[in-house]
Every structure is written in structure tokens, then in C-alpha cells.
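Structure below is entry_36.cif: mmCIF, C-alpha atoms.
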```
data_query
loop_
_atom_site.label_atom_id
_atom_site.label_comp_id
_atom_site.auth_asym_id
_atom_site.auth_seq_id
_atom_site.Cartn_x
_atom_site.Cartn_y
_atom_site.Cartn_z
CA MET Y 107 6.09 94.56 -41.75
CA GLU Y 108 2.44 93.77 -42.29
CA LYS Y 109 3.38 90.49 -44.07
CA ARG Y 110 5.65 89.51 -41.19
CA THR Y 111 2.95 90.19 -38.66
CA ARG Y 112 0.50 88.12 -40.69
CA LEU Y 113 3.04 85.26 -40.96
CA LEU Y 114 3.68 85.27 -37.24
CA ALA Y 115 -0.05 85.20 -36.61
CA ILE Y 116 -0.49 82.20 -38.89
CA VAL Y 117 2.43 80.39 -37.23
CA GLY Y 118 0.95 81.16 -33.83
CA ILE Y 119 -2.43 79.84 -34.83
CA ILE Y 120 -0.90 76.66 -36.26
CA THR Y 121 1.25 76.21 -33.15
CA GLY Y 122 -1.79 76.69 -30.94
CA ILE Y 123 -3.75 74.18 -32.92
CA LEU Y 124 -0.91 71.67 -32.66
CA LEU Y 125 -0.57 72.19 -28.93
CA VAL Y 126 -4.31 71.81 -28.41
CA SER Y 127 -4.29 68.69 -30.57
CA LEU Y 128 -1.39 67.24 -28.61
CA ALA Y 129 -3.14 68.02 -25.37
CA VAL Y 130 -6.33 66.38 -26.54
CA TRP Y 131 -4.43 63.34 -27.84
CA TRP Y 132 -2.46 62.99 -24.58
CA PHE Y 133 -5.60 63.35 -22.48
CA TRP Y 134 -7.67 60.86 -24.43
CA LEU Y 135 -5.11 58.34 -25.61
CA ARG Y 136 -2.62 58.20 -22.79
CA GLU Y 137 -2.51 54.98 -20.73
CA PRO Y 138 -4.12 55.40 -17.33
CA PRO Y 139 -1.78 55.16 -14.37
CA PHE Y 140 -1.23 51.72 -12.77
CA PRO Y 141 -3.73 51.40 -9.91
CA GLU Y 142 -2.51 51.73 -6.37
CA GLY Y 143 -2.81 48.50 -4.39
CA LEU Y 144 -1.31 46.26 -7.06
CA VAL Y 145 2.18 44.76 -7.20
CA GLN Y 146 3.76 43.54 -10.43
CA ALA Y 147 6.20 40.66 -10.71
CA ASN Y 148 7.40 38.16 -13.29
CA GLY Y 149 8.95 34.73 -13.38
CA ARG Y 150 8.48 31.24 -14.80
CA ILE Y 151 5.72 28.72 -14.26
CA GLU Y 152 6.79 25.69 -12.29
CA GLY Y 153 5.04 22.70 -10.76
CA ASP Y 154 5.28 19.93 -8.21
CA HIS Y 155 7.77 17.37 -9.49
CA TYR Y 156 7.63 13.61 -9.01
CA THR Y 157 10.68 11.47 -9.64
CA VAL Y 158 9.83 8.03 -11.01
CA SER Y 159 12.18 5.24 -9.94
CA GLY Y 160 12.07 1.49 -9.37
CA LYS Y 161 12.54 -0.50 -6.18
CA TRP Y 162 14.60 -3.21 -7.85
CA PRO Y 163 17.46 -3.27 -10.34
CA GLY Y 164 16.86 -4.72 -13.76
CA ARG Y 165 17.00 -4.35 -17.50
CA ILE Y 166 14.38 -2.25 -19.26
CA ILE Y 167 12.47 -4.37 -21.77
CA GLU Y 168 9.68 -1.92 -22.59
CA MET Y 169 9.48 1.89 -22.41
CA LEU Y 170 5.87 3.05 -22.78
CA VAL Y 171 6.09 6.87 -22.43
CA ARG Y 172 8.26 9.68 -23.73
CA GLU Y 173 8.93 13.31 -22.90
CA GLY Y 174 5.87 15.45 -23.29
CA ASP Y 175 3.43 12.60 -22.75
CA PHE Y 176 0.61 13.03 -20.28
CA VAL Y 177 0.20 10.22 -17.77
CA VAL Y 178 -2.34 9.41 -15.09
CA THR Y 179 -1.77 7.91 -11.68
CA GLY Y 180 -1.06 4.18 -11.94
CA GLN Y 181 -0.30 4.21 -15.67
CA VAL Y 182 2.42 1.75 -16.70
CA MET Y 183 5.57 3.61 -17.76
CA ILE Y 184 8.34 0.99 -17.78
CA LYS Y 185 8.56 -2.80 -17.67
CA LEU Y 186 11.71 -4.48 -16.36
CA ASP Y 187 12.92 -7.98 -17.20
CA ASP Y 188 11.01 -10.40 -14.95
CA ALA Y 189 12.28 -13.83 -16.07
CA GLN Y 190 14.13 -14.68 -12.84
CA THR Y 191 11.44 -13.21 -10.64
CA LEU Y 192 8.76 -15.14 -12.52
CA ALA Y 193 10.67 -18.39 -11.88
CA LYS Y 194 10.87 -17.60 -8.17
CA LEU Y 195 7.18 -16.72 -8.15
CA ASN Y 196 6.23 -20.06 -9.75
CA GLN Y 197 8.50 -21.87 -7.30
CA ALA Y 198 6.83 -20.13 -4.39
CA LYS Y 199 3.38 -21.00 -5.78
CA SER Y 200 4.35 -24.67 -6.08
CA ALA Y 201 5.69 -24.71 -2.52
CA VAL Y 202 2.45 -23.21 -1.25
CA ASP Y 203 0.41 -25.79 -3.15
CA VAL Y 204 2.45 -28.67 -1.68
CA ILE Y 205 2.19 -27.37 1.88
CA ALA Y 206 -1.53 -26.70 1.42
CA ALA Y 207 -2.01 -30.32 0.33
CA GLN Y 208 -0.05 -31.54 3.36
CA LEU Y 209 -2.19 -29.38 5.60
CA ARG Y 210 -5.41 -30.78 4.13
CA ALA Y 211 -4.13 -34.35 4.64
CA ALA Y 212 -3.10 -33.60 8.24
CA GLU Y 213 -6.47 -31.98 8.98
CA THR Y 214 -8.28 -34.99 7.51
CA SER Y 215 -6.19 -37.37 9.59
CA LEU Y 216 -6.87 -35.31 12.70
CA SER Y 217 -10.59 -35.33 11.98
CA VAL Y 218 -10.56 -39.13 11.61
CA PHE Y 219 -8.64 -39.53 14.87
CA LYS Y 220 -11.09 -37.31 16.69
CA LYS Y 221 -13.92 -39.54 15.55
CA ASN Y 222 -12.21 -42.92 15.99
CA VAL Y 223 -10.55 -42.43 19.37
CA PRO Y 224 -13.78 -42.03 21.36
CA LEU Y 225 -15.27 -45.05 19.57
CA LYS Y 226 -12.22 -47.19 20.28
CA ILE Y 227 -12.16 -46.10 23.91
CA ALA Y 228 -15.85 -46.93 24.28
CA THR Y 229 -15.26 -50.37 22.71
CA ALA Y 230 -12.26 -50.98 24.96
CA LYS Y 231 -14.26 -50.03 28.04
CA ALA Y 232 -17.03 -52.40 26.98
CA GLY Y 233 -14.45 -55.15 26.49
CA LEU Y 234 -13.00 -54.45 29.94
CA ASN Y 235 -16.47 -54.64 31.48
CA HIS Y 236 -17.07 -57.93 29.68
CA ALA Y 237 -13.73 -59.24 30.92
CA ASP Y 238 -14.62 -58.22 34.46
CA ALA Y 239 -17.89 -60.10 34.17
CA GLU Y 240 -16.15 -63.17 32.75
CA LEU Y 241 -13.58 -63.00 35.55
CA ILE Y 242 -16.25 -62.82 38.22
CA SER Y 243 -18.20 -65.65 36.59
CA SER Y 244 -15.13 -67.87 36.22
CA HIS Y 245 -14.12 -67.15 39.78
CA ALA Y 246 -17.55 -68.16 41.04
CA THR Y 247 -17.48 -71.30 38.89
CA GLU Y 248 -14.00 -72.17 40.13
CA GLN Y 249 -15.09 -71.74 43.74
CA GLN Y 250 -18.15 -73.91 43.17
CA MET Y 251 -16.10 -76.61 41.42
CA PHE Y 252 -13.61 -76.50 44.29
CA LYS Y 253 -16.38 -77.09 46.85
CA ASP Y 254 -17.86 -79.91 44.75
CA ALA Y 255 -14.46 -81.58 44.42
CA GLU Y 256 -13.91 -81.38 48.20
CA ARG Y 257 -17.35 -82.77 48.92
CA PHE Y 258 -16.94 -85.71 46.50
CA GLN Y 259 -13.49 -86.37 47.95
CA ALA Y 260 -15.00 -86.60 51.43
CA LEU Y 261 -17.79 -88.88 50.19
CA LEU Y 262 -15.22 -91.06 48.47
CA LEU Y 263 -13.45 -91.61 51.76
CA THR Y 264 -16.68 -92.90 53.25
CA GLU Y 265 -17.30 -94.91 50.09
CA THR Y 266 -20.60 -93.13 49.63
CA VAL Y 267 -19.87 -92.24 45.96
CA GLU Y 268 -17.91 -93.94 43.28
CA LYS Y 269 -14.34 -93.02 42.66
CA HIS Y 270 -15.21 -92.09 39.09
CA ARG Y 271 -17.63 -89.40 40.30
CA SER Y 272 -14.92 -87.94 42.57
CA GLU Y 273 -12.44 -87.87 39.72
CA LEU Y 274 -14.94 -86.05 37.47
CA ALA Y 275 -15.55 -83.42 40.14
CA ASP Y 276 -11.82 -82.92 40.61
CA LEU Y 277 -11.38 -82.60 36.84
CA SER Y 278 -14.18 -80.04 36.64
CA TRP Y 279 -12.49 -78.00 39.36
CA LYS Y 280 -9.21 -77.98 37.39
CA VAL Y 281 -11.04 -76.90 34.24
CA ALA Y 282 -12.72 -74.11 36.23
CA GLN Y 283 -9.30 -73.04 37.52
CA ALA Y 284 -7.95 -72.86 33.96
CA GLN Y 285 -11.00 -70.85 32.80
CA HIS Y 286 -10.52 -68.46 35.73
CA ARG Y 287 -6.88 -67.94 34.80
CA THR Y 288 -7.93 -67.32 31.20
CA ALA Y 289 -10.54 -64.81 32.33
CA ARG Y 290 -7.96 -63.07 34.50
CA ALA Y 291 -5.56 -62.84 31.53
CA ALA Y 292 -8.37 -61.58 29.31
CA ARG Y 293 -9.18 -58.94 31.88
CA ILE Y 294 -5.54 -57.81 31.99
CA GLN Y 295 -5.48 -57.70 28.19
CA ALA Y 296 -8.72 -55.65 28.10
CA GLU Y 297 -7.25 -53.22 30.63
CA LYS Y 298 -4.11 -52.82 28.54
CA LEU Y 299 -6.22 -52.32 25.40
CA LEU Y 300 -8.18 -49.54 27.15
CA ALA Y 301 -4.97 -47.86 28.24
CA GLU Y 302 -3.63 -48.13 24.70
CA THR Y 303 -6.77 -46.66 23.14
CA GLU Y 304 -6.74 -43.81 25.65
CA LEU Y 305 -3.34 -42.89 24.24
CA GLY Y 306 -5.36 -41.77 21.24
CA TRP Y 307 -5.95 -38.47 23.07
CA ASP Y 308 -2.20 -37.92 23.02
CA GLN Y 309 -2.16 -38.83 19.33
CA ILE Y 310 -4.90 -36.27 18.73
CA GLU Y 311 -2.84 -33.64 20.53
CA ALA Y 312 0.22 -34.60 18.49
CA ASN Y 313 -1.79 -34.41 15.26
CA THR Y 314 -3.18 -31.04 16.34
CA ASN Y 315 0.34 -29.76 16.87
CA GLU Y 316 1.34 -31.18 13.49
CA VAL Y 317 -1.56 -29.35 11.82
CA ALA Y 318 -0.52 -26.14 13.56
CA ALA Y 319 3.09 -26.62 12.42
CA ILE Y 320 2.03 -27.23 8.81
CA ALA Y 321 -0.31 -24.23 8.98
CA ALA Y 322 2.63 -22.11 10.14
CA GLN Y 323 4.69 -23.43 7.23
CA LEU Y 324 1.84 -22.54 4.90
CA LYS Y 325 1.77 -18.98 6.23
CA GLN Y 326 5.51 -18.76 5.75
CA GLY Y 327 5.16 -20.05 2.20
CA GLN Y 328 2.32 -17.63 1.50
CA ALA Y 329 4.48 -14.78 2.82
CA ALA Y 330 7.29 -15.83 0.48
CA LEU Y 331 4.76 -16.00 -2.36
CA ALA Y 332 3.44 -12.53 -1.50
CA GLU Y 333 7.00 -11.20 -1.44
CA ALA Y 334 7.75 -12.72 -4.84
CA GLN Y 335 4.47 -11.33 -6.19
CA SER Y 336 5.34 -7.90 -4.76
CA VAL Y 337 8.74 -7.97 -6.46
CA MET Y 338 7.00 -9.04 -9.67
CA ASN Y 339 4.58 -6.13 -9.40
CA ASP Y 340 7.41 -3.69 -8.68
CA LEU Y 341 9.10 -4.65 -11.94
CA ILE Y 342 6.22 -2.84 -13.64
CA ILE Y 343 6.90 0.82 -12.87
CA ARG Y 344 3.80 3.01 -12.77
CA ALA Y 345 3.21 6.74 -12.61
CA PRO Y 346 3.02 7.95 -8.99
CA ALA Y 347 0.89 10.94 -10.00
CA SER Y 348 -0.88 12.45 -12.97
CA GLY Y 349 1.03 14.99 -15.00
CA MET Y 350 3.37 15.60 -17.90
CA VAL Y 351 6.63 13.74 -18.43
CA THR Y 352 9.31 16.41 -18.59
CA THR Y 353 12.46 14.29 -18.43
CA ARG Y 354 13.32 10.74 -19.48
CA ILE Y 355 16.62 9.46 -18.13
CA ALA Y 356 16.76 5.83 -19.32
CA ASP Y 357 15.95 3.92 -22.50
CA ASN Y 358 15.10 0.42 -23.70
CA GLY Y 359 17.70 -2.24 -22.98
CA GLU Y 360 19.50 -0.28 -20.28
CA MET Y 361 20.32 -1.75 -16.89
CA VAL Y 362 19.02 0.45 -14.09
CA ALA Y 363 19.91 0.36 -10.41
CA ALA Y 364 17.39 0.23 -7.60
CA GLY Y 365 16.13 3.70 -6.79
CA SER Y 366 17.77 5.35 -9.82
CA PRO Y 367 15.58 8.09 -11.37
CA LEU Y 368 13.93 7.15 -14.65
CA PHE Y 369 11.40 9.92 -15.32
CA ASP Y 370 10.42 13.31 -13.99
CA ILE Y 371 6.71 14.15 -13.89
CA VAL Y 372 5.18 17.56 -13.27
CA ASP Y 373 1.66 17.78 -11.95
CA LEU Y 374 -0.15 20.11 -14.37
CA ASP Y 375 -3.00 20.54 -11.90
CA SER Y 376 -0.68 21.96 -9.25
CA LEU Y 377 1.29 24.65 -11.08
CA TYR Y 378 2.63 27.84 -9.58
CA LEU Y 379 4.42 30.93 -10.79
CA LYS Y 380 7.60 31.69 -8.91
CA VAL Y 381 8.18 35.44 -8.93
CA TYR Y 382 10.59 37.78 -7.20
CA VAL Y 383 9.18 40.77 -5.36
CA PRO Y 384 11.52 43.74 -4.67
CA GLN Y 385 12.48 44.35 -1.09
CA LYS Y 386 10.71 47.71 -1.00
CA GLU Y 387 7.36 46.09 -1.90
CA ILE Y 388 7.56 42.81 0.02
CA GLY Y 389 5.82 44.44 2.99
CA LYS Y 390 2.65 44.71 0.92
CA VAL Y 391 2.59 40.99 0.15
CA ARG Y 392 1.14 38.38 2.48
CA LEU Y 393 -0.09 34.81 2.29
CA GLY Y 394 -3.54 34.30 0.83
CA LEU Y 395 -3.56 37.42 -1.35
CA PRO Y 396 -5.19 36.98 -4.77
CA ALA Y 397 -3.23 37.40 -7.96
CA GLN Y 398 -3.66 37.20 -11.72
CA ILE Y 399 -1.16 35.59 -14.07
CA PHE Y 400 -0.66 36.61 -17.69
CA THR Y 401 1.29 34.77 -20.39
CA ASP Y 402 2.33 35.70 -23.91
CA ALA Y 403 0.28 32.84 -25.29
CA PHE Y 404 -2.87 34.16 -23.61
CA PRO Y 405 -2.26 37.91 -23.17
CA ASP Y 406 -5.93 38.77 -22.62
CA LYS Y 407 -6.76 35.81 -20.37
CA PRO Y 408 -5.81 36.24 -16.72
CA PHE Y 409 -5.35 33.07 -14.70
CA PRO Y 410 -6.38 33.43 -11.04
CA ALA Y 411 -3.82 32.48 -8.41
CA VAL Y 412 -3.18 32.73 -4.67
CA ILE Y 413 0.01 33.42 -2.71
CA ARG Y 414 0.93 30.33 -0.70
CA TYR Y 415 4.63 30.87 -0.13
CA ILE Y 416 6.83 33.85 0.73
CA ALA Y 417 10.55 33.39 1.28
CA SER Y 418 11.76 34.39 4.71
CA GLN Y 419 15.11 35.68 3.44
CA ALA Y 420 15.96 37.99 0.58
CA GLU Y 421 18.26 37.00 -2.28
CA PHE Y 422 19.95 38.73 -5.15
CA THR Y 423 17.88 39.16 -8.28
CA PRO Y 424 18.24 36.10 -10.52
CA LYS Y 425 19.80 36.79 -13.90
CA GLU Y 426 16.81 35.51 -15.87
CA VAL Y 427 14.36 37.86 -14.14
CA GLN Y 428 13.86 41.37 -15.59
CA THR Y 429 12.96 44.10 -13.12
CA GLN Y 430 11.69 47.58 -13.70
CA ASP Y 431 14.17 49.22 -11.39
CA GLU Y 432 17.72 48.16 -12.17
CA ARG Y 433 18.84 49.55 -8.84
CA VAL Y 434 16.88 46.88 -6.95
CA LYS Y 435 19.28 44.16 -5.90
CA LEU Y 436 17.47 42.25 -3.19
CA VAL Y 437 14.22 40.40 -3.87
CA TYR Y 438 12.02 37.83 -2.14
CA ALA Y 439 10.82 34.65 -3.83
CA VAL Y 440 7.03 34.33 -3.85
CA LYS Y 441 5.00 31.39 -5.17
CA LEU Y 442 1.61 32.07 -6.75
CA TYR Y 443 -0.36 28.84 -7.02
CA LEU Y 444 -2.81 28.66 -9.89
CA ALA Y 445 -6.41 28.02 -8.90
CA GLU Y 446 -6.90 25.92 -12.04
CA ASN Y 447 -5.25 25.01 -15.31
CA PRO Y 448 -8.10 24.48 -17.80
CA GLN Y 449 -7.27 22.00 -20.54
CA HIS Y 450 -3.69 22.08 -19.27
CA GLN Y 451 -3.04 25.23 -21.27
CA LEU Y 452 -0.14 26.22 -19.03
CA THR Y 453 2.98 24.11 -18.77
CA PRO Y 454 6.16 24.37 -16.70
CA GLY Y 455 8.88 26.65 -18.06
CA LEU Y 456 6.59 29.29 -19.55
CA PRO Y 457 7.53 32.90 -18.66
CA ALA Y 458 4.65 34.80 -17.15
CA ASP Y 459 3.78 38.11 -15.51
CA ALA Y 460 1.76 38.46 -12.34
CA VAL Y 461 -0.30 41.16 -10.70
CA ILE Y 462 -0.81 40.83 -6.95
CA ARG Y 463 -3.66 42.74 -5.33
CA TRP Y 464 -2.91 43.76 -1.77
CA GLN Y 465 -5.83 46.23 -1.47
CA GLU Y 466 -9.29 44.76 -2.02
CA GLU Y 467 -10.79 47.95 -3.50
CA SER Y 468 -8.10 48.24 -6.18
CA PRO Y 469 -9.25 47.35 -9.72
CA TRP Y 470 -7.37 44.68 -11.62
CA ALA Y 471 -5.02 45.76 -14.38
CA LYS Y 472 -2.64 44.12 -16.78
CA PRO Y 473 1.06 44.21 -15.88
CA ARG Y 474 3.15 46.98 -17.44
CA TRP Y 475 6.87 47.09 -17.94
#
```
For this file, write the structure as C-alpha cells.
Amino acid sequence: MEKRTRLLAIVGIITGILLVSLAVWWFWLREPPFPEGLVQANGRIEGDHYTVSGKWPGRIIEMLVREGDFVVTGQVMIKLDDAQTLAKLNQAKSAVDVIAAQLRAAETSLSVFKKNVPLKIATAKAGLNHADAELISSHATEQQMFKDAERFQALLLTETVEKHRSELADLSWKVAQAQHRTARAARIQAEKLLAETELGWDQIEANTNEVAAIAAQLKQGQAALAEAQSVMNDLIIRAPASGMVTTRIADNGEMVAAGSPLFDIVDLDSLYLKVYVPQKEIGKVRLGLPAQIFTDAFPDKPFPAVIRYIASQAEFTPKEVQTQDERVKLVYAVKLYLAENPQHQLTPGLPADAVIRWQEESPWAKPRW
């Protein structure tokens, strides 16, 4: 009996020690409860996608990037066959050169006309004035010769002068008449010449219109050249944004249609984690709340993020998302945009966990599942 009592006492002491040890171990080593004011969620990292396509159909002659490559805005990704376009471009350049030469010649001709016409008009006016003076002089001479011939004729009748003198006076009058007629014809010719030279103003206007027409043709040719150059430039397909090439759809030698997708680029500086928040907790979440994102690759490095999108309608839990409560069926999609992605450590497709803080005083904690 005494041995049994002693054995029970020893067992009791050992049991007490074990219970105290378990209590101490549970108190000191147990994980602290998840802080109130935090919401957990998980999902996959995604990013803003850019589809790379060409404006024109053609055959790929050079592919410069592959999946996984990082590209920057404006980087050449694909070159299409440009033989036909290059021929059209050279043709357009030649046409522009020809029209430009014609325009220079027309402008030179117009400049010469603008200088010559006033000079010719001034010369013609001077010639007309000289003709007027000659006409007046010849008319006066003819009148004087006429009077002399009449006077000598009268003197001849009275036999005061010799007949030879009368004949000379009559001959002089006839010569003066012929000179007057010549002066009158010269005056008419000078008037016509002035009228003809004054038509130079019309020629200047015609040349001005011709220059304008050629200039319009030059603009049209330059527009065709610019169009050909634009097509030529579009045959070199460049990256519309910086990021990582996630998908390549075409390869060297393939014929591609206008607008057909060739690459898919994800902007690594604009990544977000798309998570699904249970319906019972969506009321705690609002736009602008801070969050921290954790990945398996960097378990001890939280990446700061901000809520910028909350779905307006609930949906059934996606198959790839694991939730703590299997009874939860309806969830809301929420996008947590990363504040930064240093050294592009995070890439699209990575699974990640998120902690959303909806109470400012709550301390941050790692997600638990």
C-alpha cells in the first residue's frame, strides 16, 4: 500500500511537471494571434499588357527579341520586308526633286519677268513720247512746206520767181508729207509696242499662278513622300512600352497581316496582385488602403502596395485560389498595385500572398494559412 501511494505520488509529480512544461511551452512558443484590422488574401501577380502589332502586312525578315527579353520603349523588335516600299520611297523622292527643280525654274522666270516688264514698259513709253515728238515735228514741217509751196506757186504765176524754185518747194512739201506719214506710222507702232509690253503684267500674273500650281504639286509630292516614308518606318516594329516579352506569336520568314498580334509585353513597373476577398470581409476593404505583398521567393521581404480596384460584383471563387474557409463561395476581385518593383524582382505569374490593413493602428503581420 505504501509502495502504491509512493508510485502514485511520483506519477502525479511527473504529470504536474509535464503539464507545467506544456503550459510554459505553449505560452512562450505559441504564435501570437493575427492582429485585428488586417485582411489576408492570395492570388497571382499580373501586369499591364501591351500587344505589339504592325500597321502593314509583310514578311518578317528579322526577329530581334524573344520571350523573356526585357525591352524599352522604342526598341526595334521586328523588321518587315521593305523592298517594294523602298522602291516607292525612291520614286517619290525623285518626283519631289523633279517638281522642286521645276519650281525653282518657274520662280527664276517669274523674277526675271518682274524685273524686265517695268524696264520694257518704260522703254516703250519713251519710244511713244519720241514718236509723238517726231509726229508733231513732221506735222509742223509739212505745214511749213505746204505754205512755202503755195507761196512759190503764187509767185510763179506772177513770174516773180523761177519755175525751178516753185518745183523745189512743191517737192519739199511732198517730202514733208511722206515724213509726216512715216512719223504717224511710227507713232502707231510705238503705241502698239507699249500696249504689248504692258501685257507683261498679265504674263507676270500667269507666271505667278504657274509658280503657285507647281508649289501645290510639290506639296502633293512631299505628302506622297512623307506617306511612303511613314510606311517605311512602320515596317520597323518597335516596342510601345518598356517591359518583359511574355509571348511571341510569329517567327522569321512568316507573312503577317496588318494589325495581327506579334508580341505581348508586360510592364514590370506597373505590376499588381489580383486577389479575391471573401464576401464577409469585403466591407472592410476600400480604395487607397495600404497592403503588403509576400512571395515564396522573398518570404521575409514585404512589397508595399495600394488598393486601386475593387470589383463591383461578386463571383465564385476561382479554382486556382486557395481560401481558408472552404464554405466561402462568393468573393470580390481586388487589385493591389505595387508601389515599386526594385530590380524587376517580381514578374507576372508569380503566386503571392497579401495583407491588407484596414485599421491604421493595426501592426503589420505576415499572412497565415
Report as a Markdown table the residues of range 241-332 of chain Y within 12 Å of range 211-230 of chain Y, each with its shortest atom pair and distance in Å (one decimal), using only C-alpha atoms, ordered by chain and increasing residue number.
```
| residue | atom | partner | partner_atom | distance |
| --- | --- | --- | --- | --- |
| Y:Arg293 | CA | Y:Ala230 | CA | 11.0 |
| Y:Ile294 | CA | Y:Ala230 | CA | 11.9 |
| Y:Gln295 | CA | Y:Ala230 | CA | 10.1 |
| Y:Ala296 | CA | Y:Ala230 | CA | 6.6 |
| Y:Glu297 | CA | Y:Ala230 | CA | 7.9 |
| Y:Lys298 | CA | Y:Ala230 | CA | 9.1 |
| Y:Leu299 | CA | Y:Ala230 | CA | 6.2 |
| Y:Leu300 | CA | Y:Ala230 | CA | 4.8 |
| Y:Ala301 | CA | Y:Ile227 | CA | 8.6 |
| Y:Glu302 | CA | Y:Ile227 | CA | 8.8 |
| Y:Thr303 | CA | Y:Ile227 | CA | 5.5 |
| Y:Glu304 | CA | Y:Ile227 | CA | 6.1 |
| Y:Leu305 | CA | Y:Val223 | CA | 8.7 |
| Y:Gly306 | CA | Y:Val223 | CA | 5.6 |
| Y:Trp307 | CA | Y:Val223 | CA | 7.1 |
| Y:Asp308 | CA | Y:Val223 | CA | 10.2 |
| Y:Gln309 | CA | Y:Phe219 | CA | 7.9 |
| Y:Ile310 | CA | Y:Phe219 | CA | 6.3 |
| Y:Glu311 | CA | Y:Leu216 | CA | 9.0 |
| Y:Ala312 | CA | Y:Leu216 | CA | 9.2 |
| Y:Asn313 | CA | Y:Leu216 | CA | 5.8 |
| Y:Thr314 | CA | Y:Leu216 | CA | 6.7 |
| Y:Asn315 | CA | Y:Leu216 | CA | 10.0 |
| Y:Glu316 | CA | Y:Ala212 | CA | 7.3 |
| Y:Val317 | CA | Y:Ala212 | CA | 5.8 |
| Y:Ala318 | CA | Y:Glu213 | CA | 9.5 |
| Y:Ala319 | CA | Y:Ala212 | CA | 10.2 |
| Y:Ile320 | CA | Y:Ala212 | CA | 8.2 |
| Y:Ala321 | CA | Y:Ala212 | CA | 9.8 |
```
Explicit residues for the PyMOL selection byres ((chain Y and resi 251-265) around 12) (as a list in words):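 Evaluating the PyMOL selection byres ((chain Y and resi 251-265) around 12) on these coordinates yields Ser244, His245, Ala246, Thr247, Glu248, Gln249, Gln250, Thr266, Val267, Glu268, Lys269, His270, Arg271, Ser272, Glu273, Leu274, Ala275, Asp276, Leu277, Ser278, Trp279, Lys280, Val281, Ala282, Gln283, Ala284, Gln285 and His286 of chain Y.
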Please produce a file of the residues just selected, as a compact mmCIF listing (two decimals), in the frame of the given file, where the atoms kept are C-alpha atoms.
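Writing the result to again_4.txt gives the following:
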```
# COMPACT_ATOMS: atom_id res chain seq x y z
CA SER Y 244 -15.13 -67.87 36.22
CA HIS Y 245 -14.12 -67.15 39.78
CA ALA Y 246 -17.55 -68.16 41.04
CA THR Y 247 -17.48 -71.30 38.89
CA GLU Y 248 -14.00 -72.17 40.13
CA GLN Y 249 -15.09 -71.74 43.74
CA GLN Y 250 -18.15 -73.91 43.17
CA THR Y 266 -20.60 -93.13 49.63
CA VAL Y 267 -19.87 -92.24 45.96
CA GLU Y 268 -17.91 -93.94 43.28
CA LYS Y 269 -14.34 -93.02 42.66
CA HIS Y 270 -15.21 -92.09 39.09
CA ARG Y 271 -17.63 -89.40 40.30
CA SER Y 272 -14.92 -87.94 42.57
CA GLU Y 273 -12.44 -87.87 39.72
CA LEU Y 274 -14.94 -86.05 37.47
CA ALA Y 275 -15.55 -83.42 40.14
CA ASP Y 276 -11.82 -82.92 40.61
CA LEU Y 277 -11.38 -82.60 36.84
CA SER Y 278 -14.18 -80.04 36.64
CA TRP Y 279 -12.49 -78.00 39.36
CA LYS Y 280 -9.21 -77.98 37.39
CA VAL Y 281 -11.04 -76.90 34.24
CA ALA Y 282 -12.72 -74.11 36.23
CA GLN Y 283 -9.30 -73.04 37.52
CA ALA Y 284 -7.95 -72.86 33.96
CA GLN Y 285 -11.00 -70.85 32.80
CA HIS Y 286 -10.52 -68.46 35.73
```
For His155 in chain Y, please output as a compact mmCIF listing (two decimals) with C-alpha atoms, keeping the file's coordinate frame all residues within 7 Å (counting only C-alpha atoms; exclusion window: fewer than 6 positions along the same chain).
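Output contents, as saved in selection10.txt:
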```txt
# COMPACT_ATOMS: atom_id res chain seq x y z
CA ASP Y 370 10.42 13.31 -13.99
CA ILE Y 371 6.71 14.15 -13.89
CA VAL Y 372 5.18 17.56 -13.27
CA ASP Y 373 1.66 17.78 -11.95
```
Applying the PyMOL selection byres ((chain Y and resi 447) around 9) to the file I just gave you, which residues come out? Please list them as a PyMOL selection string. chain Y and resi 374-377+409+444-446+448-453
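Summary of the local environment: counting only C-alpha atoms, residues at most 10 Å from Ile388 in chain Y, other than itself and those fewer than 2 positions away along its chain, are Val145, Tyr382, Val383, Pro384, Gln385, Lys386, Lys390, Val391, Arg392, Ile416, Ala417, Ala420, Val437, Tyr438, Ala439 and Val440 of chain Y.
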Give the answer as one residue: which of Y:Val381, Y:Ala397, Y:Leu341, Y:Leu209 has the shortest atom-to-atom distance to Ala322 in chain Y, using all atoms listed in the file? Y:Leu209
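Here the question is which of Y:Pro469, Y:Gly164, Y:Gly174, Y:Pro405 gets nearest to Ala189 in chain Y using only C-alpha atoms, and that residue is Y:Gly164.
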I'd like to know which of Y:Gly365, Y:Gly233, Y:Pro141, Y:Pro473 is closest to Lys161 in chain Y, using all atoms listed in the file. Y:Gly365
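Atom to atom, CA of Glu387 in chain Y and CA of Leu144 in chain Y stand 10.1 Å apart.
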